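start-v6.csv follows (CSV, C-alpha atoms):
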chain,number,residue,atom,x,y,z
A,229,MET,CA,111.2,86.9,90.0
A,230,PRO,CA,114.8,88.0,90.6
A,231,LEU,CA,115.9,88.2,94.3
A,232,THR,CA,118.5,90.5,95.9
A,233,ILE,CA,120.0,89.2,99.1
A,234,ARG,CA,121.6,91.8,101.4
A,235,ASP,CA,122.4,92.6,105.0
A,236,PHE,CA,119.6,93.8,107.3
A,237,THR,CA,119.5,97.5,108.1
A,238,ASP,CA,117.5,99.5,110.6
A,239,ASP,CA,115.2,100.5,107.7
A,240,ASP,CA,114.1,96.8,107.4
A,241,THR,CA,112.8,96.7,111.0
A,242,GLN,CA,109.2,97.4,110.4
A,243,ALA,CA,108.9,95.3,107.2
A,244,THR,CA,110.6,92.3,108.8
A,245,ALA,CA,108.3,92.5,111.9
A,246,ARG,CA,105.2,92.7,109.7
A,247,LEU,CA,106.4,89.8,107.5
A,248,PHE,CA,107.1,87.6,110.6
A,249,HIS,CA,103.6,88.3,112.0
A,250,ASP,CA,101.8,87.9,108.7
A,251,THR,CA,103.6,84.8,107.7
A,252,VAL,CA,103.0,83.0,111.0
A,253,ARG,CA,99.3,84.1,111.0
A,254,THR,CA,98.5,83.4,107.3
A,255,ALA,CA,101.0,81.1,105.6
A,256,SER,CA,99.4,78.3,103.8
A,257,GLY,CA,100.6,74.7,103.7
A,258,PRO,CA,99.9,71.7,105.8
A,259,PRO,CA,97.8,72.6,108.9
A,260,THR,CA,100.6,72.1,111.4
A,261,TYR,CA,99.5,74.9,113.7
A,262,ASP,CA,95.9,75.8,114.3
A,263,ALA,CA,94.5,79.3,114.6
A,264,ARG,CA,95.0,79.4,118.4
A,265,GLN,CA,98.6,78.3,118.1
A,266,ARG,CA,99.4,80.8,115.4
A,267,ALA,CA,97.8,83.6,117.5
A,268,ALA,CA,99.9,82.6,120.5
A,269,TRP,CA,103.1,82.4,118.4
A,270,ALA,CA,102.6,85.9,116.9
A,271,PRO,CA,99.9,87.7,118.9
A,272,LYS,CA,100.8,91.1,117.4
A,273,VAL,CA,103.4,92.7,115.2
A,274,PRO,CA,106.5,92.8,117.3
A,275,ASP,CA,107.6,96.1,119.0
A,276,THR,CA,109.9,97.7,116.4
A,277,ALA,CA,112.7,98.8,118.8
A,278,ALA,CA,113.2,95.4,120.4
A,279,TRP,CA,112.7,93.6,117.1
A,280,GLY,CA,115.3,95.8,115.3
A,281,ALA,CA,117.8,95.4,118.1
A,282,ARG,CA,117.4,91.6,118.0
A,283,LEU,CA,117.9,91.3,114.2
A,284,ALA,CA,120.8,93.8,114.3
A,285,ALA,CA,122.6,91.8,116.9
A,286,ALA,CA,122.6,88.7,114.7
A,287,THR,CA,123.8,88.2,111.2
A,288,THR,CA,120.5,88.9,109.5
A,289,LEU,CA,120.0,88.8,105.7
A,290,VAL,CA,117.0,90.0,103.9
A,291,ALA,CA,115.7,89.0,100.4
A,292,GLU,CA,114.0,91.5,98.2
A,293,ASP,CA,112.1,91.1,95.0
A,294,ALA,CA,110.3,93.6,92.8
A,295,SER,CA,107.4,93.7,95.2
A,296,GLY,CA,109.5,94.3,98.3
A,297,LEU,CA,110.7,92.2,101.2
A,298,ALA,CA,110.4,88.5,100.3
A,299,GLY,CA,112.0,87.0,103.4
A,300,PHE,CA,114.7,87.1,106.0
A,301,MET,CA,116.9,84.8,108.0
A,302,SER,CA,119.2,85.4,111.0
A,303,LEU,CA,122.2,83.6,112.4
A,304,GLU,CA,123.1,84.1,116.1
A,305,ARG,CA,126.5,83.1,117.5
A,306,ALA,CA,126.2,80.3,120.0
A,307,GLY,CA,129.9,79.6,120.8
A,308,ASP,CA,133.3,79.7,119.3
A,309,ARG,CA,132.5,77.6,116.3
A,310,ALA,CA,128.7,77.3,116.5
A,311,SER,CA,125.7,79.4,115.6
A,312,HIS,CA,122.0,79.1,115.8
A,313,ILE,CA,119.6,80.0,113.0
A,314,GLU,CA,117.1,81.9,115.1
A,315,MET,CA,114.7,83.1,112.4
A,316,ALA,CA,113.8,82.0,108.9
A,317,PHE,CA,110.7,83.6,107.4
A,318,VAL,CA,109.4,83.9,103.9
A,319,ARG,CA,106.5,86.0,102.7
A,320,ALA,CA,103.5,83.7,102.3
A,321,ASP,CA,103.1,84.2,98.6
A,322,ARG,CA,106.8,83.3,98.0
A,323,ILE,CA,107.0,80.1,100.1
A,324,GLY,CA,108.3,77.4,97.9
A,325,GLY,CA,109.8,79.9,95.4
A,326,GLY,CA,113.4,79.6,96.3
A,327,VAL,CA,113.6,82.5,98.7
A,328,ALA,CA,114.5,80.4,101.8
A,329,LYS,CA,117.1,78.5,99.8
A,330,ALA,CA,118.7,81.8,98.6
A,331,LEU,CA,118.8,83.2,102.1
A,332,TYR,CA,120.1,79.9,103.5
A,333,ASP,CA,122.9,79.6,101.0
A,334,ALA,CA,124.0,83.1,101.7
A,335,LEU,CA,124.0,82.5,105.5
A,336,ILE,CA,125.9,79.2,104.9
A,337,ARG,CA,128.6,81.1,103.1
A,338,ARG,CA,128.9,83.5,106.0
A,339,ALA,CA,129.1,80.5,108.4
A,340,GLN,CA,131.9,79.0,106.3
A,341,ALA,CA,133.8,82.2,106.3
A,342,ALA,CA,133.6,82.2,110.1
A,343,ASP,CA,134.9,78.6,110.2
A,344,LEU,CA,131.9,77.3,112.1
A,345,ASP,CA,131.5,73.6,112.6
A,346,HIS,CA,128.0,73.4,114.1
A,347,LEU,CA,124.7,75.0,113.4
A,348,SER,CA,121.4,74.5,115.3
A,349,THR,CA,117.9,75.7,114.9
A,350,ASP,CA,114.5,75.3,116.5
A,351,ALA,CA,112.4,74.7,113.4
A,352,SER,CA,108.7,74.9,113.0
A,353,ALA,CA,107.0,71.9,111.4
A,354,MET,CA,107.1,73.7,108.0
A,355,ALA,CA,110.7,74.8,108.3
A,356,ARG,CA,111.7,71.2,109.5
A,357,ARG,CA,111.1,69.9,106.0
A,358,PHE,CA,113.3,72.6,104.4
A,359,PHE,CA,116.2,72.0,106.8
A,360,GLU,CA,116.0,68.3,106.3
A,361,ARG,CA,116.4,68.8,102.6
A,362,GLN,CA,119.6,70.7,103.4
A,363,GLY,CA,121.0,67.8,105.3
A,364,TRP,CA,120.0,68.8,108.9
A,365,THR,CA,119.1,66.2,111.5
A,366,VAL,CA,116.3,66.3,114.0
A,367,ILE,CA,117.7,66.0,117.6
A,368,ARG,CA,114.4,66.2,119.4
A,369,GLU,CA,110.8,67.3,119.3
A,370,GLN,CA,110.1,70.2,121.6
A,371,GLN,CA,106.9,71.6,123.1
A,372,PRO,CA,107.4,75.3,123.8
A,373,VAL,CA,104.6,77.2,125.5
A,374,ARG,CA,103.7,80.6,124.1
A,375,GLY,CA,100.9,82.6,125.8
A,376,GLY,CA,99.7,79.5,127.6
A,377,VAL,CA,99.4,77.5,124.3
A,378,THR,CA,101.6,74.5,123.5
A,379,LEU,CA,103.4,74.5,120.1
A,380,THR,CA,105.6,71.9,118.6
A,381,ASN,CA,109.0,72.6,117.1
A,382,TYR,CA,112.1,70.6,116.4
A,383,ARG,CA,115.7,71.1,117.7
A,384,MET,CA,117.8,70.4,114.6
A,385,GLU,CA,121.5,70.6,113.9
A,386,LEU,CA,124.0,70.5,111.1
A,387,ARG,CA,127.5,69.3,112.0
A,388,MET,CA,130.2,70.1,109.5
A,389,PRO,CA,133.2,67.7,109.3
A,390,GLY,CA,136.4,69.7,109.3
A,391,GLY,CA,134.5,73.0,109.5
A,392,SER,CA,132.8,72.4,106.1
A,393,VAL,CA,129.4,74.1,106.9
A,394,GLY,CA,126.6,72.9,104.7
A,395,ALA,CA,128.2,69.6,103.6
A,396,LYS,CA,125.5,67.0,103.3
A,397,ARG,CA,126.2,63.7,105.1

Before we go any further, please render this structure as structure tokens.
Amino acid sequence: MPLTIRDFTDDDTQATARLFHDTVRTASGPPTYDARQRAAWAPKVPDTAAWGARLAAATTLVAEDASGLAGFMSLERAGDRASHIEMAFVRADRIGGGVAKALYDALIRRAQAADLDHLSTDASAMARRFFERQGWTVIREQQPVRGGVTLTNYRMELRMPGGSVGAKR
């Protein structure tokens, strides 16, 4: 199914909030998070005003297919030549279908244009495998607590020699 990648607009706020919630709560795959952890991570659909402001403040790209929003990914500036991939979510029925890769490639092009030399992320167990395939390195396992429930994620980074973002080592 063809994808269109474009910049986030305010009109995407509600759809991205819903996609985030639904993906966390229902995405299939290895059972890396139990129902209690998923509920703590995304207890409700995020408040649209705060959510929209958060995505608008970052470089956020959305992917659309014939059935609507297929995913989104955001890159937040974390210093002069560094950024942090804050969010990377794909609609559950499109996971493994190239949506994350298309969004990632588009964000990497933006990072290259900004001459960044370091990217970081706090990846879920599912996202960790995706980022490792793109050449990222796990720095440490983390145990964030959400709503009194401990989750596991992974601080990961991609260092680009000479500012060449996305170059595999």

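Minimum atom-to-atom distance to Ala330 of chain A, evaluated using all atoms listed in the file, belongs to A:Val290 out of A:Ala270, A:Val290, A:Leu303, A:Ala281.
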
- Task: Please indicate the distance in Å from atom CA of His346 of chain A to atom CA of Gln371 of chain A, rounded to one decimal place.
- Result: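 Interatomic distance here is 23.0 Å.
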
- Message: When you count all atoms listed in the file, which of these residues is closest to Arg305 of chain A: A:Ala320, A:Ala286, A:Ala353, A:Ala243?
- Response: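 Ranking A:Ala320, A:Ala286, A:Ala353, A:Ala243 by distance to Arg305 of chain A, first place goes to A:Ala286.
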
- Task: Would you mind reading off the distance between atom CA of Ala355 of chain A and atom CA of Ile323 of chain A, one decimal, in Å?
- Result: 10.4 Å

I'd like a table as a tab-separated table: residues in segment 339-363 of chain A with an atom no more than 8 Å from segment 381-390 of chain A, each row giving the shortest atom pair and its distance in Å to one decimal, all atoms listed in the file counted, sorted by chain and rising residue number.
residue	atom	partner	partner_atom	distance
A:Leu344	CA	A:Met388	CA	7.8
A:Asp345	CA	A:Met388	CA	4.9
A:His346	CA	A:Arg387	CA	4.6
A:Leu347	CA	A:Leu386	CA	5.1
A:Ser348	CA	A:Glu385	CA	4.1
A:Thr349	CA	A:Met384	CA	5.3
A:Asp350	CA	A:Arg383	CA	4.5
A:Ala351	CA	A:Tyr382	CA	5.1
A:Ser352	CA	A:Asn381	CA	4.7
A:Ala353	CA	A:Asn381	CA	6.1
A:Arg356	CA	A:Tyr382	CA	6.9
A:Gly363	CA	A:Leu386	CA	7.1

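Distance annotation: of A:Thr241, A:Glu304, A:Ala341, A:Ile313, the residue with the minimal separation from Gly280 of chain A is A:Thr241; atom set is only C-alpha atoms.
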
- Could you work out how far atom CA of Val318 of chain A lies from atom CA of Met354 of chain A, giving the answer in Å with one decimal? 11.2 Å

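Among the candidates A:Arg368, A:Lys329, A:Arg266, A:Arg309, the residue lying nearest to Ile233 of chain A is A:Lys329 (atoms considered: only C-alpha atoms).
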
- Point out the residue among A:Leu379, A:Ala306, A:Ile336, A:Asp240 with the least atom-to-atom distance to Ala284 of chain A, counting all atoms listed in the file.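 For Ala284 of chain A, the nearest of the given residues is A:Asp240.
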
- Compare A:Asp343, A:Leu231, A:Arg374, A:Met301 by their minimum atom-to-atom distance to Gly325 of chain A, counting all atoms listed in the file, and give me the closest one.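 Residue with the minimum atom-to-atom distance to Gly325 of chain A: A:Leu231.
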
Point (113.1, 83.6, 109.3) neighbourhood (6 Å, only C-alpha atoms) written as a short mmCIF file (atom, residue, chain, number, x, y, z; two decimals) with C-alpha atoms, in the coordinates of the input:
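What landed in part.cif:
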data_model
loop_
_atom_site.label_atom_id
_atom_site.label_comp_id
_atom_site.auth_asym_id
_atom_site.auth_seq_id
_atom_site.Cartn_x
_atom_site.Cartn_y
_atom_site.Cartn_z
CA PHE A 300 114.70 87.10 106.00
CA MET A 301 116.90 84.80 108.00
CA MET A 315 114.70 83.10 112.40
CA ALA A 316 113.80 82.00 108.90
CA PHE A 317 110.70 83.60 107.40
#

How would segment 284-302 of chain A of the given structure read as a file with N, CA, C and O atoms, as a tab-separated table (two decimals), in the first residue's frame?
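Generated file (selection_32.tsv):
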chain	number	residue	atom	x	y	z
A	284	ALA	N	4.19	19.36	17.78
A	284	ALA	CA	4.49	20.54	16.98
A	284	ALA	C	5.86	21.14	17.32
A	284	ALA	O	6.52	21.72	16.47
A	285	ALA	N	6.28	20.99	18.58
A	285	ALA	CA	7.58	21.53	19.01
A	285	ALA	C	8.75	20.73	18.47
A	285	ALA	O	9.89	21.21	18.44
A	286	ALA	N	8.51	19.51	18.03
A	286	ALA	CA	9.55	18.63	17.49
A	286	ALA	C	9.46	18.61	15.96
A	286	ALA	O	8.53	19.17	15.38
A	287	THR	N	10.42	17.96	15.34
A	287	THR	CA	10.28	17.64	13.92
A	287	THR	C	9.50	16.34	13.89
A	287	THR	O	10.02	15.29	14.21
A	288	THR	N	8.22	16.44	13.57
A	288	THR	CA	7.36	15.26	13.57
A	288	THR	C	6.87	15.00	12.16
A	288	THR	O	6.35	15.90	11.50
A	289	LEU	N	7.06	13.78	11.73
A	289	LEU	CA	6.58	13.35	10.42
A	289	LEU	C	5.48	12.32	10.60
A	289	LEU	O	5.52	11.53	11.55
A	290	VAL	N	4.52	12.35	9.70
A	290	VAL	CA	3.45	11.36	9.72
A	290	VAL	C	3.45	10.60	8.41
A	290	VAL	O	3.88	11.11	7.37
A	291	ALA	N	3.01	9.36	8.49
A	291	ALA	CA	2.87	8.51	7.30
A	291	ALA	C	1.39	8.22	7.12
A	291	ALA	O	0.70	7.86	8.08
A	292	GLU	N	0.92	8.40	5.89
A	292	GLU	CA	-0.47	8.11	5.56
A	292	GLU	C	-0.53	7.08	4.45
A	292	GLU	O	0.31	7.09	3.56
A	293	ASP	N	-1.54	6.22	4.54
A	293	ASP	CA	-1.83	5.31	3.44
A	293	ASP	C	-3.30	5.51	3.07
A	293	ASP	O	-3.95	6.43	3.58
A	294	ALA	N	-3.81	4.68	2.22
A	294	ALA	CA	-5.19	4.85	1.74
A	294	ALA	C	-6.22	4.79	2.87
A	294	ALA	O	-7.30	5.36	2.75
A	295	SER	N	-5.88	4.15	3.97
A	295	SER	CA	-6.83	4.03	5.07
A	295	SER	C	-6.61	5.08	6.16
A	295	SER	O	-7.28	5.04	7.18
A	296	GLY	N	-5.69	6.00	5.97
A	296	GLY	CA	-5.47	7.07	6.95
A	296	GLY	C	-4.08	7.04	7.54
A	296	GLY	O	-3.12	6.57	6.93
A	297	LEU	N	-3.97	7.54	8.76
A	297	LEU	CA	-2.69	7.64	9.45
A	297	LEU	C	-2.13	6.24	9.70
A	297	LEU	O	-2.78	5.39	10.30
A	298	ALA	N	-0.89	6.01	9.23
A	298	ALA	CA	-0.25	4.70	9.39
A	298	ALA	C	0.84	4.74	10.45
A	298	ALA	O	1.25	3.69	10.96
A	299	GLY	N	1.34	5.93	10.79
A	299	GLY	CA	2.38	6.04	11.80
A	299	GLY	C	2.90	7.45	11.90
A	299	GLY	O	2.54	8.32	11.09
A	300	PHE	N	3.76	7.67	12.90
A	300	PHE	CA	4.42	8.97	13.05
A	300	PHE	C	5.71	8.78	13.82
A	300	PHE	O	5.90	7.79	14.53
A	301	MET	N	6.62	9.73	13.65
A	301	MET	CA	7.92	9.69	14.31
A	301	MET	C	8.35	11.12	14.57
A	301	MET	O	8.15	12.00	13.72
A	302	SER	N	8.93	11.38	15.76
A	302	SER	CA	9.34	12.74	16.09
A	302	SER	C	10.80	12.78	16.54
A	302	SER	O	11.30	11.87	17.19
